[in-house]
file coords14.txt (compact mmCIF, C-alpha atoms)
# COMPACT_ATOMS: atom_id res chain seq x y z
CA MET U 1 189.33 106.49 122.86
CA THR U 2 188.73 110.02 121.58
CA ASP U 3 192.12 109.94 119.85
CA ARG U 4 191.04 106.83 117.93
CA ILE U 5 187.81 108.48 116.82
CA ASP U 6 189.75 111.56 115.73
CA GLU U 7 192.17 109.42 113.72
CA SER U 8 189.30 107.64 111.95
CA VAL U 9 187.65 110.98 111.13
CA GLU U 10 190.91 112.52 109.88
CA TYR U 11 191.43 109.53 107.58
CA LEU U 12 187.93 109.89 106.12
CA LYS U 13 188.14 113.67 105.67
CA ALA U 14 191.47 113.31 103.91
CA ARG U 15 189.77 110.98 101.41
CA GLY U 16 186.89 113.30 100.61
CA PHE U 17 184.25 112.56 103.24
CA GLY U 18 182.87 116.06 103.60
CA GLU U 19 180.23 117.28 106.01
CA PRO U 20 177.40 114.73 106.06
CA GLU U 21 174.03 115.81 107.36
CA VAL U 22 172.50 112.35 107.72
CA GLY U 23 174.00 108.99 108.65
CA ILE U 24 172.36 105.84 107.27
CA ILE U 25 172.91 102.25 108.39
CA LEU U 26 171.79 99.60 105.91
CA GLY U 27 170.93 96.18 107.33
CA THR U 28 170.81 92.64 106.00
CA GLY U 29 169.96 92.52 102.30
CA LEU U 30 169.13 96.21 102.20
CA GLY U 31 171.47 97.81 99.67
CA GLN U 32 169.19 99.11 96.90
CA LEU U 33 169.27 102.61 98.38
CA LEU U 34 172.80 102.95 97.05
CA ASP U 35 171.43 102.96 93.49
CA ASP U 36 169.93 106.40 94.18
CA ILE U 37 172.96 107.97 95.83
CA GLU U 38 175.33 110.24 93.90
CA ILE U 39 178.42 108.56 95.33
CA GLU U 40 181.41 110.88 95.71
CA VAL U 41 183.75 108.57 97.61
CA GLU U 42 183.74 105.19 99.31
CA THR U 43 186.19 103.19 101.37
CA SER U 44 186.31 99.67 102.80
CA TYR U 45 185.93 99.36 106.54
CA ASN U 46 189.25 97.57 106.84
CA HIS U 47 191.04 100.66 105.49
CA ILE U 48 189.63 102.98 108.18
CA PRO U 49 191.78 103.17 111.33
CA TYR U 50 190.18 101.33 114.28
CA PHE U 51 187.07 100.32 112.32
CA PRO U 52 185.95 96.72 112.76
CA THR U 53 185.76 94.56 109.63
CA ALA U 54 182.43 93.14 108.44
CA THR U 55 182.60 89.33 108.58
CA VAL U 56 179.05 88.47 107.50
CA GLU U 57 179.07 87.44 103.86
CA PHE U 58 175.98 89.46 102.92
CA HIS U 59 177.24 92.68 104.56
CA LYS U 60 179.47 94.49 102.07
CA GLY U 61 181.65 96.41 104.51
CA LYS U 62 181.91 99.87 102.93
CA LEU U 63 181.47 103.42 104.13
CA ILE U 64 180.04 105.65 101.41
CA TYR U 65 179.72 109.42 101.10
CA GLY U 66 177.51 111.23 98.61
CA LYS U 67 174.25 113.05 97.95
CA LEU U 68 170.71 111.75 98.29
CA GLN U 69 167.63 113.93 97.89
CA GLY U 70 169.84 117.01 98.11
CA LYS U 71 171.38 115.95 101.43
CA ASN U 72 174.98 114.99 102.12
CA VAL U 73 174.84 111.47 103.52
CA VAL U 74 177.30 108.97 104.93
CA VAL U 75 176.11 105.39 104.52
CA MET U 76 177.19 102.18 106.18
CA GLN U 77 176.81 99.38 103.64
CA GLY U 78 176.74 96.63 106.20
CA ARG U 79 176.93 96.82 109.99
CA PHE U 80 178.64 94.96 112.84
CA HIS U 81 177.06 92.53 115.29
CA LEU U 82 177.91 91.08 118.67
CA TYR U 83 177.62 87.58 117.20
CA GLU U 84 180.67 88.32 115.05
CA GLY U 85 182.74 88.44 118.22
CA TYR U 86 182.86 92.23 118.53
CA SER U 87 182.30 94.26 121.68
CA LEU U 88 179.42 96.67 122.05
CA PHE U 89 181.90 99.53 121.70
CA ASP U 90 183.14 98.05 118.40
CA VAL U 91 179.59 97.58 117.09
CA THR U 92 178.72 101.22 117.75
CA TYR U 93 182.08 102.80 116.90
CA PRO U 94 180.89 103.92 113.42
CA VAL U 95 178.03 105.90 114.99
CA ARG U 96 180.57 107.86 117.03
CA VAL U 97 182.67 108.47 113.93
CA MET U 98 179.63 109.64 111.90
CA LYS U 99 178.71 112.03 114.72
CA ARG U 100 182.22 113.48 114.70
CA LEU U 101 181.97 113.87 110.91
CA GLY U 102 178.92 116.06 111.51
CA ILE U 103 175.68 114.10 111.06
CA LYS U 104 172.55 115.71 112.54
CA HIS U 105 170.13 112.80 111.98
CA MET U 106 170.40 109.04 111.59
CA LEU U 107 168.27 106.50 109.71
CA VAL U 108 168.61 102.78 110.40
CA SER U 109 167.26 99.67 108.67
CA ASN U 110 167.24 96.01 109.57
CA ALA U 111 165.66 92.68 108.69
CA SER U 112 163.57 91.13 111.45
CA GLY U 113 161.20 88.32 112.25
CA ALA U 114 157.59 89.06 113.18
CA ILE U 115 156.42 88.19 116.67
CA ASN U 116 153.16 90.03 116.06
CA LEU U 117 151.53 87.72 113.54
CA ASP U 118 149.43 90.56 112.16
CA PHE U 119 152.67 91.64 110.48
CA LYS U 120 153.26 89.75 107.23
CA LYS U 121 156.44 88.89 105.35
CA GLY U 122 157.54 91.72 103.10
CA GLU U 123 155.87 94.44 105.17
CA LEU U 124 157.62 97.23 107.07
CA MET U 125 157.60 98.13 110.75
CA LEU U 126 158.52 101.55 112.11
CA ILE U 127 160.29 100.95 115.42
CA ASP U 128 158.51 102.86 118.16
CA ASP U 129 160.40 101.34 121.10
CA HIS U 130 162.77 98.49 121.83
CA ILE U 131 163.78 95.80 124.30
CA ASN U 132 167.50 95.21 124.79
CA LEU U 133 168.16 91.48 125.21
CA GLN U 134 171.79 91.55 124.13
CA GLY U 135 173.16 91.27 127.65
CA GLY U 136 174.97 94.59 127.90
CA SER U 137 175.10 98.29 127.11
CA PRO U 138 177.37 100.18 124.69
CA LEU U 139 177.62 102.85 127.40
CA ALA U 140 178.91 100.55 130.16
CA PHE U 141 182.62 101.35 130.07
CA ASN U 142 185.09 103.47 132.00
CA GLY U 143 185.31 106.97 130.56
CA VAL U 144 181.94 107.07 128.81
CA GLU U 145 181.29 110.47 130.37
CA ARG U 146 184.00 111.93 128.10
CA LEU U 147 181.79 111.14 125.12
CA GLY U 148 178.41 112.14 126.57
CA GLU U 149 176.11 111.92 129.57
CA ARG U 150 176.48 108.54 131.32
CA PHE U 151 172.82 108.21 132.35
CA VAL U 152 170.95 108.65 129.07
CA ASP U 153 167.19 109.12 129.03
CA MET U 154 165.49 106.48 126.86
CA SER U 155 161.85 107.47 127.26
CA GLU U 156 161.73 108.26 123.51
CA PRO U 157 164.70 106.51 121.89
CA TYR U 158 163.20 106.93 118.40
CA ASP U 159 162.66 110.53 117.43
CA PRO U 160 158.91 111.34 117.45
CA GLU U 161 159.15 113.95 114.70
CA MET U 162 161.10 111.70 112.33
CA ASN U 163 158.73 108.83 113.08
CA ARG U 164 155.83 111.13 112.25
CA LEU U 165 157.47 111.90 108.90
CA PHE U 166 157.78 108.18 108.17
CA GLU U 167 154.10 107.58 108.94
CA GLU U 168 153.07 110.60 106.88
CA SER U 169 155.21 109.43 103.95
CA ALA U 170 153.80 105.90 104.14
CA LYS U 171 150.29 107.32 103.79
CA GLU U 172 151.38 109.40 100.79
CA TYR U 173 152.69 106.29 99.02
CA ASN U 174 149.99 103.94 100.30
CA ILE U 175 152.67 101.74 101.90
CA THR U 176 151.77 99.47 104.79
CA LEU U 177 153.89 100.67 107.72
CA HIS U 178 153.23 98.99 111.04
CA LYS U 179 154.52 100.49 114.26
CA GLY U 180 155.86 98.34 117.04
CA VAL U 181 158.46 97.20 119.54
CA TYR U 182 161.74 95.65 118.36
CA ALA U 183 163.55 93.13 120.54
CA SER U 184 167.29 92.82 119.93
CA VAL U 185 168.89 89.47 120.79
CA LEU U 186 172.47 88.23 120.62
CA GLY U 187 172.19 85.56 117.90
CA PRO U 188 173.42 84.25 115.55
CA GLN U 189 171.08 81.31 116.15
CA LEU U 190 167.42 81.99 115.49
CA GLU U 191 164.78 81.69 118.18
CA THR U 192 163.22 78.54 119.62
CA ARG U 193 159.48 78.13 119.93
CA ALA U 194 159.71 78.87 123.65
CA GLU U 195 161.73 82.02 122.96
CA TYR U 196 159.14 83.27 120.47
CA ARG U 197 156.44 82.76 123.11
CA TYR U 198 158.56 84.64 125.66
CA LEU U 199 159.14 87.54 123.28
CA LYS U 200 155.42 87.87 122.69
CA ILE U 201 154.70 87.86 126.43
CA ILE U 202 157.16 90.68 127.12
CA GLY U 203 155.66 92.86 124.39
CA ALA U 204 157.88 92.49 121.32
CA ASP U 205 156.39 92.85 117.85
CA ALA U 206 159.57 91.89 115.96
CA VAL U 207 162.96 90.42 116.78
CA GLY U 208 166.44 90.84 115.29
CA MET U 209 170.13 90.90 116.17
CA SER U 210 171.11 94.54 115.68
CA THR U 211 170.02 98.19 115.84
CA VAL U 212 169.48 98.66 119.58
CA PRO U 213 173.16 99.32 120.46
CA GLU U 214 173.40 101.83 117.60
CA VAL U 215 170.23 103.59 118.75
CA ILE U 216 171.44 103.76 122.36
CA VAL U 217 174.65 105.44 121.22
CA ALA U 218 172.74 107.80 118.92
CA ASN U 219 170.74 108.89 121.96
CA HIS U 220 173.96 109.19 123.97
CA LEU U 221 175.29 111.54 121.28
CA GLU U 222 171.94 113.37 120.97
CA ILE U 223 171.41 112.34 117.35
CA PRO U 224 167.70 112.07 116.42
CA VAL U 225 167.23 108.56 115.03
CA SER U 226 164.50 106.53 113.33
CA ALA U 227 164.58 102.88 112.30
CA ILE U 228 162.64 100.65 109.92
CA SER U 229 162.42 96.86 110.15
CA VAL U 230 161.71 94.79 107.06
CA ILE U 231 159.67 91.77 108.13
CA THR U 232 161.38 88.81 106.48
CA ASP U 233 159.89 85.86 108.39
CA GLN U 234 157.31 85.02 111.05
CA GLY U 235 157.94 83.51 114.46
CA ASP U 236 154.75 81.56 115.00
CA PRO U 237 155.63 79.07 117.77
CA ASP U 238 152.63 76.88 116.98
CA ASN U 239 153.54 76.59 113.28
CA LEU U 240 157.24 77.31 113.24
CA GLU U 241 158.88 76.82 109.85
CA LYS U 242 162.59 76.29 109.29
CA VAL U 243 164.23 79.52 108.20
CA ASP U 244 166.79 79.70 105.41
CA ILE U 245 168.98 82.82 105.22
CA LYS U 246 168.46 82.81 101.43
CA ASP U 247 164.71 83.18 102.00
CA ILE U 248 165.34 86.07 104.42
CA LEU U 249 167.50 87.86 101.86
CA ALA U 250 164.93 87.30 99.11
CA MET U 251 162.14 88.73 101.25
CA ALA U 252 164.28 91.74 102.21
CA ALA U 253 164.93 92.42 98.52
CA LYS U 254 161.20 92.19 97.77
CA ALA U 255 160.28 94.70 100.47
CA GLU U 256 163.21 97.03 99.95
CA PRO U 257 161.72 99.30 97.23
CA ASP U 258 159.09 100.52 99.69
CA MET U 259 161.73 101.16 102.33
CA VAL U 260 163.82 103.11 99.82
CA LYS U 261 160.82 105.28 98.92
CA LEU U 262 160.24 106.10 102.58
CA PHE U 263 163.90 106.84 103.33
CA LYS U 264 164.12 109.18 100.35
CA ARG U 265 160.90 110.99 101.22
CA VAL U 266 161.90 111.48 104.86
CA LEU U 267 165.30 112.79 103.76
CA GLU U 268 163.52 115.44 101.71
CA LYS U 269 161.52 116.56 104.73
CA VAL U 270 163.99 116.26 107.59
call {"tool": "encode", "arguments": {"input": "coords14.txt", "output": "structure tokens"}}
result
Amino acid sequence: MTDRIDESVEYLKARGFGEPEVGIILGTGLGQLLDDIEIEVETSYNHIPYFPTATVEFHKGKLIYGKLQGKNVVVMQGRFHLYEGYSLFDVTYPVRVMKRLGIKHMLVSNASGAINLDFKKGELMLIDDHINLQGGSPLAFNGVERLGERFVDMSEPYDPEMNRLFEESAKEYNITLHKGVYASVLGPQLETRAEYRYLKIIGADAVGMSTVPEVIVANHLEIPVSAISVITDQGDPDNLEKVDIKDILAMAAKAEPDMVKLFKRVLEKV
């Protein structure tokens, strides 16, 4: 396990991945941030030893190294999901590699559906807490203690100081930034009316199919992490509309400039 991580890291260092300070995971339809990065080197996931391969057509599948706001960053252009057939260890393997490369902080983005109907399409939600409904843990395997403490505290999975910086930055730019609870489900099917009602009852404000495993592993590795959800659709069980992935991507693109502003501003401050 550790040998595999070392081999992945050695491959990346040999190709110019230096000493990144911040790791960034870009979710569905969220790639505009790359326009602002001074890219020094990039490589496809399928060239990195032991990396999974992105199979979702709108996830590009590249690892990128460069500078953003004066910080060395390593960026995942596209992530992995359980619904692609991967294990939880596979899905979170890049987080372990980024940690071994040297990251000190991690920023995560995703597209999600609103359970809290006060949140509108195209708005942003700062994740304050989460509910893991993916049916497993990325820490539930033999030998996990060789990579970090087995029993990880999750009382504050999202770093309070980084979250404060996001809220402060949103006020500076007059950007609507809700704060709420993200529920992570297996997918790839979207939710039924009954499931939307259930998610509301248990306290979710938004729902998606990613992020939580990555955040659990970040906490396992003691990496401060913050995450932003772009609200791309609404799960109103009493007026549920059919969802088209093209509409989700279009809404993510519409909201993305605000997310990019916040990521860049927080990078300056962190």
call {"tool": "closest_residue", "arguments": {"input": "coords14.txt", "among": "U:Gly208, U:Gly135, U:Gly122, U:Gly187", "to": "U:Thr232", "atoms": "only C-alpha atoms"}}
result
U:Gly122
call {"tool": "closest_residue", "arguments": {"input": "coords14.txt", "among": "U:Gly136, U:Gly203, U:Pro49, U:Gly70", "to": "U:Pro94", "atoms": "only C-alpha atoms"}}
result
U:Pro49
call {"tool": "closest_atom_pairs", "arguments": {"input": "coords14.txt", "of": "stretch 156-222 of chain U", "to": "stretch 241-255 of chain U", "cutoff": "12 Å", "atoms": "all atoms listed in the file", "output": "CSV"}}
result
residue,atom,partner,partner_atom,distance
U:Ile175,CA,U:Ala255,CA,10.5
U:Thr176,CA,U:Ala255,CA,10.7
U:Leu177,CA,U:Ala255,CA,11.4
U:Pro188,CA,U:Ile245,CA,11.3
U:Gln189,CA,U:Val243,CA,10.6
U:Leu190,CA,U:Val243,CA,8.3
U:Glu191,CA,U:Val243,CA,10.2
U:Thr192,CA,U:Lys242,CA,10.6
U:Arg193,CA,U:Glu241,CA,10.2
U:Gly208,CA,U:Ile248,CA,11.9
call {"tool": "residues_around", "arguments": {"input": "coords14.txt", "residues": "U:Ala111", "least_positions_apart": "5", "cutoff": "6 Å", "atoms": "only C-alpha atoms", "output": "PDB file with C-alpha atoms, in the frame of the given file"}}
result
ATOM      1  CA  THR U  28     170.810  92.640 106.000  1.00  0.00           C
ATOM      2  CA  SER U 229     162.420  96.860 110.150  1.00  0.00           C
ATOM      3  CA  VAL U 230     161.710  94.790 107.060  1.00  0.00           C
TER       4      VAL U 230
END
call {"tool": "atom_distance", "arguments": {"input": "coords14.txt", "atom1": "atom CA of U:Ile64", "atom2": "atom CA of U:Ala140"}}
result
29.2 Å
call {"tool": "atom_distance", "arguments": {"input": "coords14.txt", "atom1": "atom CA of U:Val225", "atom2": "atom CA of U:Leu262"}}
result
14.5 Å
call {"tool": "closest_residue", "arguments": {"input": "coords14.txt", "among": "U:Ser155, U:Asn174, U:Asn116, U:Asn142", "to": "U:Asp128", "atoms": "all atoms listed in the file"}}
result
U:Ser155
call {"tool": "atom_distance", "arguments": {"input": "coords14.txt", "atom1": "atom CA of U:Met106", "atom2": "atom CA of U:Asn72"}}
result
12.1 Å
call {"tool": "residues_around", "arguments": {"input": "coords14.txt", "residues": "U:Gly16", "least_positions_apart": "5", "cutoff": "12 Å", "atoms": "only C-alpha atoms", "output": "list in words"}}
result
Val9, Glu10, Tyr11, Ile39, Glu40, Val41, Glu42, Thr43, Leu63, Ile64, Tyr65, Gly66, Val74 and Leu101 of chain U
call {"tool": "write_last_selection", "arguments": {"input": "coords14.txt", "atoms": "C-alpha atoms", "output": "CSV table (one decimal), in the frame of the given file"}}
result
chain,number,residue,atom,x,y,z
U,9,VAL,CA,187.6,111.0,111.1
U,10,GLU,CA,190.9,112.5,109.9
U,11,TYR,CA,191.4,109.5,107.6
U,39,ILE,CA,178.4,108.6,95.3
U,40,GLU,CA,181.4,110.9,95.7
U,41,VAL,CA,183.8,108.6,97.6
U,42,GLU,CA,183.7,105.2,99.3
U,43,THR,CA,186.2,103.2,101.4
U,63,LEU,CA,181.5,103.4,104.1
U,64,ILE,CA,180.0,105.6,101.4
U,65,TYR,CA,179.7,109.4,101.1
U,66,GLY,CA,177.5,111.2,98.6
U,74,VAL,CA,177.3,109.0,104.9
U,101,LEU,CA,182.0,113.9,110.9
call {"tool": "closest_residue", "arguments": {"input": "coords14.txt", "among": "U:Ala114, U:Pro257, U:Pro224, U:Tyr158", "to": "U:Leu240", "atoms": "only C-alpha atoms"}}
result
U:Ala114
call {"tool": "residues_around", "arguments": {"input": "coords14.txt", "residues": "U:Glu21", "least_positions_apart": "2", "cutoff": "12 Å", "atoms": "only C-alpha atoms", "output": "VMD selection string"}}
result
chain U and resid 17 to 19 23 to 24 65 to 75 98 to 107 223 to 224 267 to 268 270
